[in-house]
>>> print(open('data_21.txt').read())   # compact mmCIF, C-alpha atoms
# COMPACT_ATOMS: atom_id res chain seq x y z
CA MET A 1 0.00 0.00 0.00
CA LYS A 2 1.28 3.45 -0.89
CA HIS A 3 1.37 6.18 1.78
CA GLN A 4 0.56 9.76 0.99
CA ILE A 5 3.49 12.09 1.69
CA LYS A 6 3.96 15.83 1.46
CA THR A 7 4.64 16.94 -2.10
CA THR A 8 7.84 18.92 -2.43
CA ASP A 9 8.66 21.35 -5.18
CA ALA A 10 10.66 18.69 -6.98
CA ILE A 11 10.63 15.34 -8.68
CA PHE A 12 13.27 13.25 -7.01
CA PRO A 13 16.06 12.33 -7.18
CA MET A 14 17.35 15.50 -8.80
CA PRO A 15 20.73 16.05 -10.47
CA VAL A 16 23.30 18.11 -8.61
CA LEU A 17 24.59 20.57 -11.18
CA LEU A 18 27.32 23.08 -10.45
CA ILE A 19 26.96 26.12 -12.68
CA SER A 20 30.14 28.19 -13.09
CA THR A 21 30.45 31.74 -14.39
CA PHE A 22 32.83 34.64 -14.12
CA ASN A 23 31.89 37.64 -11.99
CA GLU A 24 32.32 41.17 -13.32
CA ASP A 25 35.83 41.33 -11.81
CA GLY A 26 36.90 38.02 -13.41
CA SER A 27 36.64 35.97 -10.21
CA VAL A 28 34.78 32.65 -10.28
CA ASP A 29 31.19 32.16 -9.15
CA VAL A 30 29.67 28.69 -8.78
CA MET A 31 26.08 27.79 -7.94
CA ASN A 32 24.60 24.43 -6.93
CA ALA A 33 21.39 23.92 -8.91
CA ALA A 34 19.17 20.86 -9.00
CA TRP A 35 16.68 22.43 -11.37
CA GLY A 36 18.22 21.58 -14.73
CA THR A 37 17.42 19.42 -17.71
CA MET A 38 18.10 18.85 -21.38
CA LEU A 39 15.63 20.42 -23.80
CA SER A 40 17.18 18.66 -26.77
CA ARG A 41 20.50 17.01 -27.60
CA ASP A 42 22.37 20.33 -27.43
CA MET A 43 20.05 22.64 -25.47
CA VAL A 44 19.79 22.93 -21.68
CA ALA A 45 17.34 24.64 -19.35
CA LEU A 46 18.12 25.82 -15.83
CA ASN A 47 15.04 26.82 -13.87
CA LEU A 48 16.70 29.63 -11.93
CA SER A 49 15.40 33.03 -10.89
CA GLU A 50 17.05 36.24 -12.02
CA THR A 51 17.90 37.10 -8.40
CA HIS A 52 20.80 34.61 -8.42
CA LYS A 53 24.26 36.13 -8.92
CA THR A 54 25.02 33.27 -11.31
CA VAL A 55 22.06 34.16 -13.55
CA GLN A 56 23.10 37.80 -13.55
CA ASN A 57 26.61 36.71 -14.60
CA ILE A 58 25.22 34.44 -17.33
CA LYS A 59 23.21 37.30 -18.80
CA VAL A 60 26.25 39.62 -18.81
CA ARG A 61 28.91 37.10 -19.94
CA LYS A 62 26.56 35.23 -22.31
CA SER A 63 27.98 31.87 -21.20
CA PHE A 64 28.28 29.32 -18.41
CA VAL A 65 29.57 25.82 -17.69
CA ILE A 66 27.49 23.03 -16.17
CA HIS A 67 29.40 20.45 -14.12
CA ILE A 68 28.05 17.17 -12.78
CA ALA A 69 28.79 17.04 -9.04
CA ASP A 70 30.39 13.88 -7.69
CA ALA A 71 30.64 12.18 -4.29
CA LYS A 72 34.30 13.14 -3.98
CA HIS A 73 33.29 16.82 -3.98
CA VAL A 74 30.00 16.73 -2.05
CA VAL A 75 31.25 19.23 0.57
CA GLU A 76 32.28 21.73 -2.09
CA ALA A 77 29.02 21.16 -3.99
CA ASP A 78 27.01 21.86 -0.86
CA LEU A 79 29.03 25.02 -0.15
CA PHE A 80 28.03 26.30 -3.59
CA GLY A 81 24.38 25.73 -2.62
CA VAL A 82 24.32 27.20 0.87
CA VAL A 83 26.49 30.29 0.33
CA SER A 84 25.39 33.03 -2.06
CA GLY A 85 27.97 34.55 -4.36
CA SER A 86 26.34 37.92 -3.69
CA LYS A 87 27.08 37.60 0.04
CA ASP A 88 30.48 35.88 -0.16
CA PRO A 89 32.42 36.54 -3.37
CA GLU A 90 35.27 34.37 -2.01
CA LYS A 91 33.27 31.13 -1.82
CA PHE A 92 35.01 29.56 -4.83
CA LYS A 93 38.41 30.36 -3.35
CA LYS A 94 37.29 28.82 -0.03
CA SER A 95 36.33 25.59 -1.83
CA GLY A 96 39.97 24.88 -2.72
CA LEU A 97 38.96 23.93 -6.26
CA THR A 98 40.75 25.28 -9.34
CA PHE A 99 39.62 26.30 -12.80
CA THR A 100 40.74 26.75 -16.37
CA LYS A 101 39.11 29.36 -18.60
CA SER A 102 37.08 27.69 -21.34
CA GLU A 103 38.45 28.03 -24.86
CA LEU A 104 34.90 28.24 -26.26
CA VAL A 105 32.91 30.41 -23.86
CA ASP A 106 33.61 33.17 -21.34
CA ALA A 107 33.26 30.90 -18.30
CA PRO A 108 35.45 28.76 -16.02
CA VAL A 109 35.78 24.97 -16.23
CA ILE A 110 36.33 23.50 -12.77
CA ASN A 111 39.35 21.20 -13.08
CA GLU A 112 38.46 18.71 -10.35
CA LEU A 113 34.93 17.85 -11.51
CA PRO A 114 34.57 14.93 -13.94
CA ILE A 115 32.12 16.35 -16.51
CA ALA A 116 31.83 19.86 -17.97
CA MET A 117 29.24 21.14 -20.44
CA GLU A 118 30.35 24.47 -21.93
CA CYS A 119 27.28 26.51 -22.83
CA GLU A 120 26.42 29.63 -24.73
CA PHE A 121 23.54 31.68 -23.29
CA VAL A 122 20.52 31.71 -25.63
CA GLU A 123 17.76 33.43 -23.66
CA TYR A 124 16.11 33.96 -20.31
CA GLN A 125 12.43 33.02 -20.08
CA SER A 126 10.69 34.83 -17.24
CA ASP A 127 6.98 34.31 -17.83
CA ALA A 128 4.87 32.01 -15.63
CA THR A 129 5.72 28.92 -17.66
CA GLY A 130 9.25 29.94 -18.62
CA MET A 131 12.24 27.73 -17.94
CA GLY A 132 14.70 30.45 -16.85
CA VAL A 133 18.15 30.14 -18.44
CA ILE A 134 18.28 28.45 -21.84
CA GLY A 135 21.68 27.55 -23.21
CA LYS A 136 23.27 25.80 -26.16
CA VAL A 137 25.87 23.18 -25.30
CA LEU A 138 28.95 23.76 -27.43
CA ARG A 139 31.11 21.02 -25.90
CA THR A 140 30.84 18.29 -23.28
CA SER A 141 34.06 16.90 -21.86
CA VAL A 142 34.73 14.01 -19.47
CA GLU A 143 37.90 13.15 -17.59
CA GLU A 144 39.62 10.21 -19.28
CA ALA A 145 39.58 8.23 -16.01
CA HIS A 146 35.78 8.10 -16.31
CA MET A 147 35.69 6.68 -19.83
CA LYS A 148 35.34 3.02 -20.71
CA ASP A 149 35.18 1.68 -24.26
CA GLY A 150 34.59 5.20 -25.60
CA LYS A 151 31.62 5.87 -23.29
CA VAL A 152 31.15 7.53 -19.91
CA ASP A 153 31.58 5.01 -17.07
CA ILE A 154 28.67 6.11 -14.87
CA ASP A 155 29.73 3.98 -11.90
CA SER A 156 33.22 5.49 -11.77
CA LEU A 157 31.80 9.02 -11.83
CA GLU A 158 29.98 8.60 -8.54
CA ALA A 159 27.69 11.42 -9.62
CA ILE A 160 25.42 12.63 -6.86
CA ALA A 161 21.68 13.26 -6.80
CA TYR A 162 19.70 15.41 -4.39
CA ASP A 163 16.64 14.20 -2.48
CA PRO A 164 14.44 17.17 -1.48
CA TYR A 165 12.47 15.01 0.98
CA THR A 166 15.42 14.13 3.23
CA LEU A 167 17.72 16.97 2.14
CA GLY A 168 20.29 14.32 1.31
CA TYR A 169 22.84 13.69 -1.41
CA TYR A 170 23.08 10.16 -2.82
CA LYS A 171 25.53 8.47 -5.17
CA VAL A 172 24.22 7.39 -8.55
CA GLY A 173 25.50 4.04 -9.70
CA GLY A 174 24.88 0.41 -10.32
CA ARG A 175 23.37 -0.36 -13.71
CA VAL A 176 20.03 -2.14 -13.37
CA GLY A 177 18.87 -2.47 -16.97
CA ASN A 178 19.23 -1.65 -20.64
CA ALA A 179 17.20 1.30 -21.98
CA PHE A 180 15.24 0.78 -25.19
CA ASN A 181 15.80 -2.95 -24.88
CA ASP A 182 14.59 -4.59 -21.65
CA GLY A 183 10.97 -3.57 -22.14
CA LEU A 184 10.88 -5.42 -25.45
CA LYS A 185 10.97 -8.69 -23.48
CA LEU A 186 7.31 -8.07 -22.62
CA MET A 187 6.23 -7.78 -26.26
>>> encode(input="data_21.txt", output="structure tokens")
Amino acid sequence: MKHQIKTTDAIFPMPVLLISTFNEDGSVDVMNAAWGTMLSRDMVALNLSETHKTVQNIKVRKSFVIHIADAKHVVEADLFGVVSGSKDPEKFKKSGLTFTKSELVDAPVINELPIAMECEFVEYQSDATGMGVIGKVLRTSVEEAHMKDGKVDIDSLEAIAYDPYTLGYYKVGGRVGNAFNDGLKLM
């Protein structure tokens, strides 16, 4: 029997995305955002309000990088979610992480995180049904250590997901099936 629980403002689990931008002075700003998805193969949507420093930076710099947070960096990822860049412009420095400026967009790529999606800002949708930041992915890169047979090794990534019900982070891993295949067994 299913039990009724309080509905949160999220479908869970949610990805833990770290969005990096440059501030006006060239310093690095990073935001933890669980509200992100792919719109198409090369388009992303981040459901973020314009009050975020990161969104303001995206609109000025016309670019951003999305990183997939991993278990190894859960403390840093949480820092980027609990501390506002508007209130503490030194939060990236405090994280101990490093960056390299993207060759494609005016945004930083965080060196220690396993996946980076370099994005060009397309538009900001602010109406009642708008998605917020829309971006075009120009390049996705993955650390070689997380590749196997030319594909991303999901288990080695130890990507983390956020559960809004328990306010917890959980590792993603352990393949349980084959998409676009297993269901055919019932035909």
>>> closest_atom_pairs(input="data_21.txt", of="range 17-121 of chain A", to="range 147-169 of chain A", cutoff="6 Å", atoms="only C-alpha atoms", output="Markdown table")
| residue | atom | partner | partner_atom | distance |
| --- | --- | --- | --- | --- |
| A:Ala69 | CA | A:Ala159 | CA | 5.8 |
| A:Asp70 | CA | A:Ala159 | CA | 4.1 |
| A:Ala71 | CA | A:Glu158 | CA | 5.6 |
>>> write_last_selection(input="data_21.txt", atoms="C-alpha atoms", output="CSV table (one decimal), keeping the file's coordinate frame")
chain,number,residue,atom,x,y,z
A,69,ALA,CA,28.8,17.0,-9.0
A,70,ASP,CA,30.4,13.9,-7.7
A,71,ALA,CA,30.6,12.2,-4.3
>>> residues_around(input="data_21.txt", residues="range 72-75 of chain A", least_positions_apart="4", cutoff="12 Å", atoms="all atoms listed in the file", output="VMD selection string")
chain A and resid 16 to 18 32 67 to 68 79 to 82 94 to 97 110 to 114 156 to 162 168 to 171
>>> closest_residue(input="data_21.txt", among="A:Ile5, A:Leu184, A:Met31, A:Ile19", to="Ser84 in chain A", atoms="only C-alpha atoms")
A:Met31
>>> atom_distance(input="data_21.txt", atom1="CA of Val122 in chain A", atom2="CA of Met38 in chain A")
13.8 Å
>>> atom_distance(input="data_21.txt", atom1="CA of Val28 in chain A", atom2="CA of Ala145 in chain A")
25.5 Å
>>> atom_distance(input="data_21.txt", atom1="CA of Phe64 in chain A", atom2="CA of Glu120 in chain A")
6.6 Å
>>> residues_near_point(input="data_21.txt", point="(20.4, 18.7, -9.6)", cutoff="6 Å", atoms="only C-alpha atoms", output="JSON, numbers by chain")
{"A": [14, 15, 16, 17, 33, 34, 35]}
>>> residues_around(input="data_21.txt", residues="Val137 in chain A", least_positions_apart="5", cutoff="9 Å", atoms="all atoms listed in the file", output="PyMOL selection string")
chain A and resi 41-44+65+117-120
>>> closest_residue(input="data_21.txt", among="A:Glu144, A:Glu103, A:Asp88, A:Asp25", to="Val60 in chain A", atoms="all atoms listed in the file")
A:Asp25
>>> closest_residue(input="data_21.txt", among="A:Leu48, A:Val105, A:Ala179, A:Leu186", to="Gly132 in chain A", atoms="only C-alpha atoms")
A:Leu48
>>> decode(input="data_21.txt", residues="range 56-84 of chain A", atoms="N, CA, C and O atoms", output="mmCIF file, in the first residue's frame")
data_model
loop_
_atom_site.group_PDB
_atom_site.id
_atom_site.type_symbol
_atom_site.label_atom_id
_atom_site.label_comp_id
_atom_site.auth_asym_id
_atom_site.auth_seq_id
_atom_site.Cartn_x
_atom_site.Cartn_y
_atom_site.Cartn_z
ATOM 1 N N GLN A 56 22.683 36.462 -13.149
ATOM 2 C CA GLN A 56 23.096 37.804 -13.553
ATOM 3 C C GLN A 56 24.402 37.728 -14.348
ATOM 4 O O GLN A 56 24.548 38.380 -15.385
ATOM 5 N N ASN A 57 25.347 36.894 -13.888
ATOM 6 C CA ASN A 57 26.613 36.712 -14.604
ATOM 7 C C ASN A 57 26.385 36.102 -15.982
ATOM 8 O O ASN A 57 27.020 36.509 -16.959
ATOM 9 N N ILE A 58 25.513 35.113 -16.052
ATOM 10 C CA ILE A 58 25.222 34.445 -17.335
ATOM 11 C C ILE A 58 24.698 35.468 -18.340
ATOM 12 O O ILE A 58 25.113 35.489 -19.504
ATOM 13 N N LYS A 59 23.797 36.322 -17.895
ATOM 14 C CA LYS A 59 23.210 37.303 -18.798
ATOM 15 C C LYS A 59 24.243 38.328 -19.280
ATOM 16 O O LYS A 59 24.188 38.767 -20.417
ATOM 17 N N VAL A 60 25.209 38.664 -18.429
ATOM 18 C CA VAL A 60 26.253 39.623 -18.808
ATOM 19 C C VAL A 60 27.315 38.952 -19.681
ATOM 20 O O VAL A 60 27.697 39.475 -20.729
ATOM 21 N N ARG A 61 27.804 37.784 -19.251
ATOM 22 C CA ARG A 61 28.908 37.101 -19.941
ATOM 23 C C ARG A 61 28.452 36.266 -21.135
ATOM 24 O O ARG A 61 29.272 35.813 -21.936
ATOM 25 N N LYS A 62 27.152 35.994 -21.201
ATOM 26 C CA LYS A 62 26.559 35.225 -22.315
ATOM 27 C C LYS A 62 27.057 33.781 -22.372
ATOM 28 O O LYS A 62 27.084 33.162 -23.438
ATOM 29 N N SER A 63 27.472 33.244 -21.215
ATOM 30 C CA SER A 63 27.978 31.870 -21.198
ATOM 31 C C SER A 63 28.032 31.337 -19.779
ATOM 32 O O SER A 63 27.959 32.098 -18.805
ATOM 33 N N PHE A 64 28.177 30.008 -19.687
ATOM 34 C CA PHE A 64 28.279 29.321 -18.406
ATOM 35 C C PHE A 64 28.749 27.892 -18.661
ATOM 36 O O PHE A 64 28.722 27.412 -19.797
ATOM 37 N N VAL A 65 29.183 27.224 -17.597
ATOM 38 C CA VAL A 65 29.573 25.815 -17.694
ATOM 39 C C VAL A 65 28.775 25.048 -16.651
ATOM 40 O O VAL A 65 28.669 25.475 -15.496
ATOM 41 N N ILE A 66 28.199 23.926 -17.071
ATOM 42 C CA ILE A 66 27.486 23.030 -16.166
ATOM 43 C C ILE A 66 28.409 21.857 -15.855
ATOM 44 O O ILE A 66 28.932 21.216 -16.767
ATOM 45 N N HIS A 67 28.604 21.596 -14.568
ATOM 46 C CA HIS A 67 29.399 20.453 -14.117
ATOM 47 C C HIS A 67 28.483 19.475 -13.395
ATOM 48 O O HIS A 67 27.555 19.890 -12.703
ATOM 49 N N ILE A 68 28.767 18.192 -13.531
ATOM 50 C CA ILE A 68 28.049 17.167 -12.778
ATOM 51 C C ILE A 68 28.809 16.972 -11.473
ATOM 52 O O ILE A 68 30.000 16.635 -11.483
ATOM 53 N N ALA A 69 28.134 17.201 -10.342
ATOM 54 C CA ALA A 69 28.789 17.041 -9.042
ATOM 55 C C ALA A 69 28.995 15.557 -8.740
ATOM 56 O O ALA A 69 28.194 14.711 -9.137
ATOM 57 N N ASP A 70 30.079 15.267 -8.037
ATOM 58 C CA ASP A 70 30.388 13.876 -7.688
ATOM 59 C C ASP A 70 30.567 13.727 -6.182
ATOM 60 O O ASP A 70 30.708 14.706 -5.450
ATOM 61 N N ALA A 71 30.546 12.475 -5.724
ATOM 62 C CA ALA A 71 30.638 12.175 -4.292
ATOM 63 C C ALA A 71 31.941 12.692 -3.694
ATOM 64 O O ALA A 71 31.967 13.120 -2.539
ATOM 65 N N LYS A 72 32.995 12.675 -4.460
ATOM 66 C CA LYS A 72 34.296 13.142 -3.976
ATOM 67 C C LYS A 72 34.267 14.623 -3.596
ATOM 68 O O LYS A 72 35.039 15.071 -2.756
ATOM 69 N N HIS A 73 33.358 15.380 -4.198
ATOM 70 C CA HIS A 73 33.290 16.824 -3.976
ATOM 71 C C HIS A 73 31.944 17.262 -3.405
ATOM 72 O O HIS A 73 31.492 18.378 -3.649
ATOM 73 N N VAL A 74 31.320 16.408 -2.612
ATOM 74 C CA VAL A 74 30.004 16.725 -2.052
ATOM 75 C C VAL A 74 30.063 17.925 -1.112
ATOM 76 O O VAL A 74 29.147 18.752 -1.090
ATOM 77 N N VAL A 75 31.132 18.086 -0.346
ATOM 78 C CA VAL A 75 31.250 19.228 0.571
ATOM 79 C C VAL A 75 31.333 20.531 -0.218
ATOM 80 O O VAL A 75 30.639 21.509 0.089
ATOM 81 N N GLU A 76 32.157 20.540 -1.252
ATOM 82 C CA GLU A 76 32.277 21.735 -2.086
ATOM 83 C C GLU A 76 30.954 22.035 -2.793
ATOM 84 O O GLU A 76 30.527 23.189 -2.876
ATOM 85 N N ALA A 77 30.303 20.978 -3.299
ATOM 86 C CA ALA A 77 29.021 21.159 -3.986
ATOM 87 C C ALA A 77 27.994 21.776 -3.043
ATOM 88 O O ALA A 77 27.242 22.683 -3.433
ATOM 89 N N ASP A 78 27.960 21.310 -1.819
ATOM 90 C CA ASP A 78 27.007 21.856 -0.864
ATOM 91 C C ASP A 78 27.339 23.310 -0.524
ATOM 92 O O ASP A 78 26.435 24.148 -0.403
ATOM 93 N N LEU A 79 28.614 23.621 -0.395
ATOM 94 C CA LEU A 79 29.030 25.016 -0.151
ATOM 95 C C LEU A 79 28.441 25.924 -1.221
ATOM 96 O O LEU A 79 27.910 26.994 -0.924
ATOM 97 N N PHE A 80 28.519 25.490 -2.480
ATOM 98 C CA PHE A 80 28.033 26.305 -3.587
ATOM 99 C C PHE A 80 26.508 26.460 -3.557
ATOM 100 O O PHE A 80 25.955 27.318 -4.236
ATOM 101 N N GLY A 81 25.830 25.621 -2.763
ATOM 102 C CA GLY A 81 24.383 25.726 -2.624
ATOM 103 C C GLY A 81 23.938 26.517 -1.417
ATOM 104 O O GLY A 81 22.869 27.117 -1.418
ATOM 105 N N VAL A 82 24.744 26.533 -0.375
ATOM 106 C CA VAL A 82 24.319 27.199 0.866
ATOM 107 C C VAL A 82 24.885 28.606 1.025
ATOM 108 O O VAL A 82 24.411 29.350 1.873
ATOM 109 N N VAL A 83 25.884 28.957 0.228
ATOM 110 C CA VAL A 83 26.485 30.288 0.335
ATOM 111 C C VAL A 83 26.252 31.033 -0.981
ATOM 112 O O VAL A 83 26.600 30.543 -2.052
ATOM 113 N N SER A 84 25.673 32.209 -0.880
ATOM 114 C CA SER A 84 25.392 33.026 -2.055
ATOM 115 C C SER A 84 26.647 33.769 -2.511
ATOM 116 O O SER A 84 27.384 34.321 -1.686
#
